[in-house]
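Participant: See my_file.txt below, with compact mmCIF, N, CA and C atoms.
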# COMPACT_ATOMS: atom_id res chain seq x y z
N MET A 1 -18.20 24.14 -17.41
CA MET A 1 -16.76 24.28 -17.43
C MET A 1 -16.43 25.73 -17.75
N SER A 2 -15.62 26.34 -16.89
CA SER A 2 -15.24 27.72 -17.12
C SER A 2 -14.01 27.77 -18.03
N ALA A 3 -13.71 28.96 -18.51
CA ALA A 3 -12.55 29.14 -19.37
C ALA A 3 -11.26 28.81 -18.62
N PHE A 4 -11.27 28.97 -17.30
CA PHE A 4 -10.08 28.70 -16.51
C PHE A 4 -9.82 27.22 -16.30
N ASP A 5 -10.82 26.37 -16.50
CA ASP A 5 -10.64 24.93 -16.35
C ASP A 5 -9.67 24.36 -17.39
N ALA A 6 -9.49 25.08 -18.49
CA ALA A 6 -8.61 24.60 -19.56
C ALA A 6 -7.14 24.81 -19.22
N PHE A 7 -6.85 25.70 -18.27
CA PHE A 7 -5.47 25.96 -17.89
C PHE A 7 -4.95 24.83 -17.01
N PRO A 8 -3.71 24.42 -17.22
CA PRO A 8 -3.16 23.39 -16.35
C PRO A 8 -3.01 23.93 -14.94
N PRO A 9 -3.13 23.06 -13.93
CA PRO A 9 -3.00 23.53 -12.56
C PRO A 9 -1.58 24.03 -12.30
N SER A 10 -1.49 25.00 -11.41
CA SER A 10 -0.17 25.51 -11.03
C SER A 10 0.56 24.46 -10.23
N PRO A 11 1.86 24.34 -10.43
CA PRO A 11 2.62 23.37 -9.64
C PRO A 11 2.63 23.76 -8.17
N VAL A 12 2.73 22.77 -7.32
CA VAL A 12 2.88 22.99 -5.89
C VAL A 12 4.36 22.83 -5.59
N MET A 13 4.94 23.83 -4.95
CA MET A 13 6.36 23.76 -4.59
C MET A 13 6.46 23.19 -3.18
N LEU A 14 7.38 22.24 -3.02
CA LEU A 14 7.56 21.57 -1.74
C LEU A 14 9.05 21.40 -1.48
N ASP A 15 9.49 21.90 -0.33
CA ASP A 15 10.87 21.68 0.09
C ASP A 15 10.91 20.40 0.90
N VAL A 16 11.59 19.40 0.35
CA VAL A 16 11.65 18.09 0.98
C VAL A 16 12.95 17.41 0.60
N GLY A 17 13.55 16.71 1.53
CA GLY A 17 14.78 15.98 1.24
C GLY A 17 15.91 16.86 0.76
N GLY A 18 15.94 18.12 1.22
CA GLY A 18 17.00 19.02 0.82
C GLY A 18 16.83 19.59 -0.58
N GLU A 19 15.69 19.35 -1.19
CA GLU A 19 15.42 19.85 -2.54
C GLU A 19 14.10 20.60 -2.56
N SER A 20 13.95 21.44 -3.54
CA SER A 20 12.67 22.11 -3.79
C SER A 20 12.04 21.40 -4.98
N LEU A 21 10.97 20.66 -4.72
CA LEU A 21 10.30 19.90 -5.77
C LEU A 21 9.12 20.67 -6.33
N GLU A 22 8.95 20.56 -7.63
CA GLU A 22 7.77 21.10 -8.29
C GLU A 22 6.81 19.93 -8.49
N ILE A 23 5.74 19.90 -7.70
CA ILE A 23 4.77 18.81 -7.76
C ILE A 23 3.70 19.17 -8.78
N THR A 24 3.60 18.35 -9.82
CA THR A 24 2.60 18.58 -10.87
C THR A 24 1.81 17.29 -11.08
N PRO A 25 0.65 17.38 -11.72
CA PRO A 25 -0.13 16.17 -11.99
C PRO A 25 0.69 15.15 -12.80
N ILE A 26 0.36 13.88 -12.59
CA ILE A 26 1.07 12.83 -13.31
C ILE A 26 0.84 12.97 -14.81
N ARG A 27 1.78 12.44 -15.55
CA ARG A 27 1.71 12.48 -17.01
C ARG A 27 1.32 11.09 -17.52
N VAL A 28 0.80 11.05 -18.70
CA VAL A 28 0.26 9.80 -19.25
C VAL A 28 1.30 8.68 -19.24
N GLY A 29 2.54 8.99 -19.50
CA GLY A 29 3.57 7.97 -19.51
C GLY A 29 3.88 7.39 -18.14
N GLU A 30 3.47 8.09 -17.09
CA GLU A 30 3.69 7.63 -15.71
C GLU A 30 2.54 6.79 -15.18
N VAL A 31 1.41 6.84 -15.87
CA VAL A 31 0.21 6.16 -15.38
C VAL A 31 0.39 4.65 -15.19
N PRO A 32 0.95 3.91 -16.14
CA PRO A 32 1.06 2.46 -15.92
C PRO A 32 1.86 2.09 -14.66
N ALA A 33 3.01 2.72 -14.47
CA ALA A 33 3.82 2.41 -13.28
C ALA A 33 3.13 2.85 -12.01
N LEU A 34 2.43 3.98 -12.06
CA LEU A 34 1.74 4.47 -10.86
C LEU A 34 0.57 3.57 -10.50
N ILE A 35 -0.20 3.16 -11.49
CA ILE A 35 -1.32 2.26 -11.21
C ILE A 35 -0.82 0.94 -10.63
N LYS A 36 0.24 0.41 -11.18
CA LYS A 36 0.81 -0.84 -10.66
C LYS A 36 1.23 -0.68 -9.19
N ALA A 37 1.84 0.46 -8.87
CA ALA A 37 2.29 0.69 -7.50
C ALA A 37 1.13 0.94 -6.54
N VAL A 38 0.11 1.64 -6.99
CA VAL A 38 -0.99 2.05 -6.11
C VAL A 38 -2.07 0.98 -5.95
N ARG A 39 -2.13 0.05 -6.89
CA ARG A 39 -3.20 -0.95 -6.88
C ARG A 39 -3.42 -1.62 -5.52
N PRO A 40 -2.37 -2.03 -4.78
CA PRO A 40 -2.61 -2.73 -3.51
C PRO A 40 -3.32 -1.89 -2.44
N PHE A 41 -3.25 -0.57 -2.54
CA PHE A 41 -3.88 0.25 -1.50
C PHE A 41 -4.83 1.31 -2.06
N ALA A 42 -5.19 1.21 -3.31
CA ALA A 42 -6.05 2.22 -3.95
C ALA A 42 -7.37 2.40 -3.22
N GLY A 43 -7.93 1.32 -2.71
CA GLY A 43 -9.21 1.41 -1.99
C GLY A 43 -9.12 2.15 -0.68
N GLN A 44 -7.92 2.37 -0.19
CA GLN A 44 -7.73 3.07 1.08
C GLN A 44 -7.42 4.55 0.88
N LEU A 45 -7.34 5.01 -0.35
CA LEU A 45 -7.03 6.40 -0.62
C LEU A 45 -8.28 7.26 -0.48
N SER A 46 -8.13 8.34 0.23
CA SER A 46 -9.22 9.30 0.40
C SER A 46 -8.61 10.62 0.83
N ALA A 47 -9.45 11.61 1.01
CA ALA A 47 -8.97 12.92 1.47
C ALA A 47 -8.39 12.81 2.88
N GLU A 48 -8.76 11.76 3.59
CA GLU A 48 -8.30 11.57 4.96
C GLU A 48 -7.33 10.40 5.09
N SER A 49 -6.59 10.08 4.06
CA SER A 49 -5.67 8.93 4.08
C SER A 49 -4.68 9.05 5.24
N ASP A 50 -4.49 7.94 5.94
CA ASP A 50 -3.50 7.88 7.01
C ASP A 50 -2.23 7.32 6.40
N TRP A 51 -1.30 8.20 6.06
CA TRP A 51 -0.10 7.81 5.34
C TRP A 51 0.78 6.87 6.14
N LEU A 52 0.78 6.99 7.47
CA LEU A 52 1.60 6.08 8.28
C LEU A 52 1.03 4.66 8.24
N VAL A 53 -0.28 4.53 8.27
CA VAL A 53 -0.91 3.21 8.16
C VAL A 53 -0.62 2.62 6.79
N LEU A 54 -0.77 3.43 5.75
CA LEU A 54 -0.48 2.93 4.40
C LEU A 54 0.98 2.50 4.28
N LEU A 55 1.88 3.25 4.88
CA LEU A 55 3.30 2.89 4.84
C LEU A 55 3.54 1.59 5.58
N ALA A 56 2.87 1.41 6.72
CA ALA A 56 3.05 0.18 7.50
C ALA A 56 2.47 -1.03 6.77
N GLU A 57 1.33 -0.87 6.14
CA GLU A 57 0.65 -2.00 5.51
C GLU A 57 1.09 -2.25 4.06
N HIS A 58 1.52 -1.21 3.38
CA HIS A 58 1.85 -1.32 1.95
C HIS A 58 3.13 -0.55 1.63
N GLY A 59 4.14 -0.69 2.48
CA GLY A 59 5.36 0.11 2.37
C GLY A 59 6.03 0.05 1.02
N GLU A 60 6.27 -1.14 0.50
CA GLU A 60 6.97 -1.27 -0.78
C GLU A 60 6.20 -0.58 -1.90
N SER A 61 4.91 -0.82 -1.95
CA SER A 61 4.08 -0.22 -3.00
C SER A 61 4.01 1.29 -2.86
N LEU A 62 3.87 1.76 -1.62
CA LEU A 62 3.79 3.21 -1.40
C LEU A 62 5.10 3.90 -1.78
N LEU A 63 6.23 3.30 -1.44
CA LEU A 63 7.52 3.89 -1.81
C LEU A 63 7.66 3.97 -3.33
N CYS A 64 7.24 2.93 -4.03
CA CYS A 64 7.28 2.95 -5.50
C CYS A 64 6.37 4.04 -6.05
N ALA A 65 5.17 4.16 -5.51
CA ALA A 65 4.23 5.18 -5.97
C ALA A 65 4.79 6.58 -5.74
N LEU A 66 5.39 6.81 -4.58
CA LEU A 66 5.97 8.12 -4.30
C LEU A 66 7.10 8.44 -5.28
N ALA A 67 7.94 7.46 -5.56
CA ALA A 67 9.04 7.68 -6.50
C ALA A 67 8.52 8.03 -7.89
N VAL A 68 7.52 7.31 -8.36
CA VAL A 68 6.96 7.58 -9.69
C VAL A 68 6.33 8.97 -9.73
N ALA A 69 5.46 9.27 -8.76
CA ALA A 69 4.74 10.53 -8.78
C ALA A 69 5.64 11.73 -8.53
N ALA A 70 6.73 11.53 -7.76
CA ALA A 70 7.66 12.63 -7.48
C ALA A 70 8.71 12.77 -8.57
N ARG A 71 8.74 11.76 -9.46
CA ARG A 71 9.75 11.73 -10.54
C ARG A 71 11.17 11.72 -9.97
N ARG A 72 11.35 10.89 -8.95
CA ARG A 72 12.65 10.72 -8.30
C ARG A 72 12.96 9.24 -8.20
N GLU A 73 14.22 8.93 -8.04
CA GLU A 73 14.62 7.53 -7.83
C GLU A 73 14.06 7.05 -6.50
N ARG A 74 13.75 5.75 -6.45
CA ARG A 74 13.22 5.19 -5.22
C ARG A 74 14.22 5.37 -4.07
N ALA A 75 15.51 5.24 -4.33
CA ALA A 75 16.52 5.41 -3.27
C ALA A 75 16.42 6.80 -2.64
N TRP A 76 16.11 7.82 -3.43
CA TRP A 76 15.93 9.16 -2.91
C TRP A 76 14.75 9.20 -1.94
N VAL A 77 13.65 8.57 -2.33
CA VAL A 77 12.46 8.51 -1.47
C VAL A 77 12.79 7.77 -0.18
N GLU A 78 13.51 6.67 -0.28
CA GLU A 78 13.84 5.87 0.90
C GLU A 78 14.71 6.63 1.90
N ARG A 79 15.49 7.60 1.43
CA ARG A 79 16.35 8.37 2.34
C ARG A 79 15.61 9.50 3.04
N LEU A 80 14.37 9.79 2.65
CA LEU A 80 13.62 10.88 3.27
C LEU A 80 13.34 10.58 4.74
N SER A 81 13.26 11.64 5.54
CA SER A 81 12.80 11.47 6.91
C SER A 81 11.31 11.09 6.85
N LEU A 82 10.81 10.52 7.91
CA LEU A 82 9.40 10.13 7.94
C LEU A 82 8.49 11.34 7.74
N ASP A 83 8.82 12.45 8.39
CA ASP A 83 8.01 13.66 8.22
C ASP A 83 8.01 14.14 6.78
N ASP A 84 9.18 14.13 6.14
CA ASP A 84 9.25 14.55 4.74
C ASP A 84 8.48 13.60 3.83
N ALA A 85 8.56 12.30 4.10
CA ALA A 85 7.84 11.32 3.27
C ALA A 85 6.34 11.53 3.38
N VAL A 86 5.84 11.81 4.58
CA VAL A 86 4.41 12.04 4.77
C VAL A 86 3.99 13.34 4.08
N ARG A 87 4.80 14.38 4.20
CA ARG A 87 4.48 15.65 3.52
C ARG A 87 4.49 15.47 2.00
N LEU A 88 5.46 14.69 1.51
CA LEU A 88 5.52 14.43 0.07
C LEU A 88 4.29 13.65 -0.39
N ALA A 89 3.93 12.61 0.34
CA ALA A 89 2.76 11.81 -0.02
C ALA A 89 1.50 12.68 -0.04
N ALA A 90 1.34 13.51 0.98
CA ALA A 90 0.15 14.38 1.04
C ALA A 90 0.13 15.36 -0.13
N ALA A 91 1.27 15.94 -0.47
CA ALA A 91 1.32 16.90 -1.59
C ALA A 91 1.04 16.20 -2.92
N LEU A 92 1.63 15.04 -3.12
CA LEU A 92 1.40 14.30 -4.37
C LEU A 92 -0.06 13.89 -4.50
N PHE A 93 -0.65 13.46 -3.39
CA PHE A 93 -2.06 13.07 -3.42
C PHE A 93 -2.94 14.28 -3.69
N GLU A 94 -2.63 15.39 -3.05
CA GLU A 94 -3.43 16.60 -3.24
C GLU A 94 -3.43 17.04 -4.70
N VAL A 95 -2.27 17.06 -5.31
CA VAL A 95 -2.15 17.50 -6.70
C VAL A 95 -2.83 16.51 -7.65
N ASN A 96 -2.82 15.23 -7.29
CA ASN A 96 -3.37 14.19 -8.16
C ASN A 96 -4.66 13.58 -7.61
N ALA A 97 -5.34 14.27 -6.72
CA ALA A 97 -6.53 13.72 -6.05
C ALA A 97 -7.59 13.26 -7.05
N ASP A 98 -7.80 14.02 -8.09
CA ASP A 98 -8.81 13.64 -9.09
C ASP A 98 -8.51 12.27 -9.67
N PHE A 99 -7.26 12.04 -10.00
CA PHE A 99 -6.85 10.76 -10.57
C PHE A 99 -7.04 9.63 -9.55
N PHE A 100 -6.58 9.83 -8.32
CA PHE A 100 -6.63 8.78 -7.31
C PHE A 100 -8.05 8.46 -6.84
N VAL A 101 -8.79 9.48 -6.47
CA VAL A 101 -10.09 9.26 -5.83
C VAL A 101 -11.22 9.04 -6.82
N GLN A 102 -11.25 9.82 -7.88
CA GLN A 102 -12.38 9.74 -8.79
C GLN A 102 -12.19 8.73 -9.91
N ARG A 103 -10.95 8.34 -10.19
CA ARG A 103 -10.72 7.42 -11.31
C ARG A 103 -10.13 6.09 -10.88
N LEU A 104 -8.99 6.13 -10.18
CA LEU A 104 -8.27 4.90 -9.88
C LEU A 104 -8.98 4.04 -8.83
N ALA A 105 -9.32 4.62 -7.69
CA ALA A 105 -9.92 3.84 -6.61
C ALA A 105 -11.22 3.16 -7.07
N PRO A 106 -12.17 3.86 -7.70
CA PRO A 106 -13.38 3.18 -8.15
C PRO A 106 -13.09 2.08 -9.18
N ALA A 107 -12.14 2.30 -10.07
CA ALA A 107 -11.82 1.28 -11.08
C ALA A 107 -11.26 0.02 -10.42
N VAL A 108 -10.38 0.20 -9.45
CA VAL A 108 -9.80 -0.95 -8.75
C VAL A 108 -10.87 -1.67 -7.93
N GLN A 109 -11.73 -0.92 -7.26
CA GLN A 109 -12.80 -1.54 -6.47
C GLN A 109 -13.77 -2.30 -7.36
N HIS A 110 -14.09 -1.75 -8.52
CA HIS A 110 -15.00 -2.43 -9.45
C HIS A 110 -14.36 -3.73 -9.96
N ALA A 111 -13.09 -3.67 -10.30
CA ALA A 111 -12.40 -4.88 -10.76
C ALA A 111 -12.35 -5.93 -9.66
N ALA A 112 -12.09 -5.51 -8.43
CA ALA A 112 -12.05 -6.45 -7.31
C ALA A 112 -13.41 -7.10 -7.09
N ALA A 113 -14.47 -6.34 -7.23
CA ALA A 113 -15.82 -6.89 -7.07
C ALA A 113 -16.11 -7.93 -8.15
N ARG A 114 -15.67 -7.66 -9.38
CA ARG A 114 -15.88 -8.62 -10.46
C ARG A 114 -15.11 -9.91 -10.18
N VAL A 115 -13.87 -9.78 -9.74
CA VAL A 115 -13.06 -10.96 -9.44
C VAL A 115 -13.68 -11.74 -8.29
N ASN A 116 -14.10 -11.05 -7.23
CA ASN A 116 -14.74 -11.73 -6.10
C ASN A 116 -16.00 -12.45 -6.52
N GLY A 117 -16.77 -11.83 -7.42
CA GLY A 117 -17.98 -12.47 -7.91
C GLY A 117 -17.67 -13.74 -8.69
N ARG A 118 -16.64 -13.70 -9.48
CA ARG A 118 -16.26 -14.89 -10.25
C ARG A 118 -15.73 -15.98 -9.34
N LEU A 119 -14.96 -15.60 -8.33
CA LEU A 119 -14.41 -16.59 -7.42
C LEU A 119 -15.49 -17.25 -6.57
N SER A 120 -16.54 -16.52 -6.27
CA SER A 120 -17.61 -17.07 -5.45
C SER A 120 -18.64 -17.82 -6.29
N GLY A 121 -18.45 -17.86 -7.60
CA GLY A 121 -19.36 -18.60 -8.47
C GLY A 121 -20.47 -17.76 -9.05
N ALA A 122 -20.59 -16.53 -8.62
CA ALA A 122 -21.62 -15.65 -9.15
C ALA A 122 -21.14 -15.08 -10.47
N THR A 123 -22.05 -14.77 -11.33
CA THR A 123 -21.69 -14.11 -12.58
C THR A 123 -22.31 -12.74 -12.57
N PRO A 124 -21.57 -11.74 -13.00
CA PRO A 124 -22.13 -10.39 -13.01
C PRO A 124 -23.29 -10.31 -13.98
N SER A 125 -24.35 -9.61 -13.58
CA SER A 125 -25.50 -9.47 -14.46
C SER A 125 -25.22 -8.41 -15.51
N THR A 126 -25.64 -8.69 -16.72
CA THR A 126 -25.43 -7.74 -17.79
C THR A 126 -26.73 -7.02 -18.13
N ALA A 127 -27.83 -7.71 -18.06
CA ALA A 127 -29.12 -7.09 -18.31
C ALA A 127 -30.07 -7.65 -17.26
N SER A 128 -31.30 -7.88 -17.62
CA SER A 128 -32.22 -8.47 -16.66
C SER A 128 -32.40 -9.94 -17.00
N SER A 129 -32.87 -10.71 -16.02
CA SER A 129 -33.12 -12.13 -16.24
C SER A 129 -34.31 -12.30 -17.15
N ALA A 130 -34.37 -13.47 -17.78
CA ALA A 130 -35.54 -13.75 -18.63
C ALA A 130 -36.77 -13.77 -17.76
N PRO A 131 -37.90 -13.23 -18.22
CA PRO A 131 -39.11 -13.20 -17.41
C PRO A 131 -39.59 -14.60 -17.08
N GLY A 132 -40.11 -14.74 -15.89
CA GLY A 132 -40.71 -16.00 -15.50
C GLY A 132 -39.70 -17.05 -15.09
N THR A 133 -38.42 -16.74 -14.98
CA THR A 133 -37.46 -17.73 -14.56
C THR A 133 -37.09 -17.48 -13.11
N ALA A 134 -36.85 -18.53 -12.43
CA ALA A 134 -36.46 -18.41 -11.03
C ALA A 134 -35.32 -19.37 -10.81
N SER A 135 -34.47 -19.03 -9.88
CA SER A 135 -33.37 -19.92 -9.57
C SER A 135 -33.79 -20.78 -8.38
N PRO A 136 -33.40 -22.06 -8.38
CA PRO A 136 -33.78 -22.94 -7.28
C PRO A 136 -33.11 -22.48 -5.99
N THR A 137 -33.82 -22.67 -4.91
CA THR A 137 -33.28 -22.33 -3.59
C THR A 137 -33.31 -23.57 -2.72
N SER A 138 -32.46 -23.61 -1.72
CA SER A 138 -32.42 -24.75 -0.83
C SER A 138 -33.08 -24.41 0.46
Would you put the structure from the file into structure tokens?
Facilitator:
Amino acid sequence: MSAFDAFPPSPVMLDVGGESLEITPIRVGEVPALIKAVRPFAGQLSAESDWLVLLAEHGESLLCALAVAARRERAWVERLSLDDAVRLAAALFEVNADFFVQRLAPAVQHAAARVNGRLSGATPSTASSAPGTASPTS
């Protein structure tokens, strides 16, 4: 870690919706609402996210996430042109990529795997099986 890693990132300025927004990383108080909004599509977030597909498949959740991360009312986000909404989503994701890709998406995928395992009757392994035991097969 260099000495410069301790400095907060510079805000990204974005002209969108007739305003100049200062895009900064999310704050701790915004995390619960953002996670709730992003959860339905967190597994689809990547550096190559197709924002139009996400909007088509998860529109309500994406609009909520944009409002939280942009620190604007949802009605403001809803009035944006499609081009502005895509530019806003890309800027918000870029500034918060570490949170979305390295923390949120893996956590949601891990939780989904645990739930799927429980629903299918499997139990997640915690350590190794007792030696010499085998499970019956059909």
Participant: What is the atom CA of A:Ala90-atom C of A:Ala75 distance in Å, reported with one decimal?
Facilitator: 18.3 Å
Participant: Which residue out of A:Ser49, A:Ala37, A:Arg79, A:Ile26 has the minimum interatomic distance to A:Ser61 when all atoms listed in the file are used?
Facilitator: A:Ala37
Participant: Closest to A:Ile23 among A:Leu92, A:Val115, A:Phe99, A:Glu57, using only N, CA and C atoms?
Facilitator: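 Ranking A:Leu92, A:Val115, A:Phe99, A:Glu57 by distance to A:Ile23, first place goes to A:Leu92.
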Participant: What is the atom CA of A:Gly117 to atom CA of A:Val38 distance in Å?
Facilitator: 22.4 Å
Participant: Find the residue from A:Glu30, A:Ala113, A:Ile35, A:Ala47 that sits nearest to A:Asp98; use only C-alpha atoms when measuring.
Facilitator: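 Of the candidates, the smallest distance to A:Asp98 is held by A:Ala47.
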Participant: Using DSSP on the backbone coordinates, identify the residues of stretch 4-115 of chain A assigned to alpha helix (DSSP H); present them as a PyMOL selection string.
Facilitator: chain A and resi 31-38+51-70+74-78+82-95+97+105-115
Participant: In terms of the shortest atom-to-atom distance over only N, CA and C atoms, which of A:Ser120, A:Met13, A:Ala69, A:Gly59 is closest to A:Arg27?
Facilitator: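 Under the stated criterion, the closest residue is A:Ala69.
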Participant: The centre and edge lengths of an axis-aligned box containing all atoms of stretch 47-65 of chain A present in the file, extended by 6 Å on each side, are to be given in Å to one decimal, as JSON.
Facilitator:
{"center_x": -0.9, "center_y": 5.3, "center_z": 1.1, "size_x": 29.1, "size_y": 27.2, "size_z": 26.3}
Participant: Would you mind telling me which residue in A:Glu22, A:Ser46, A:Val53, A:Phe41 lies nearest to A:Ser10 when using all atoms listed in the file?
Facilitator: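 Nearest candidate to A:Ser10 out of A:Glu22, A:Ser46, A:Val53, A:Phe41: A:Glu22.
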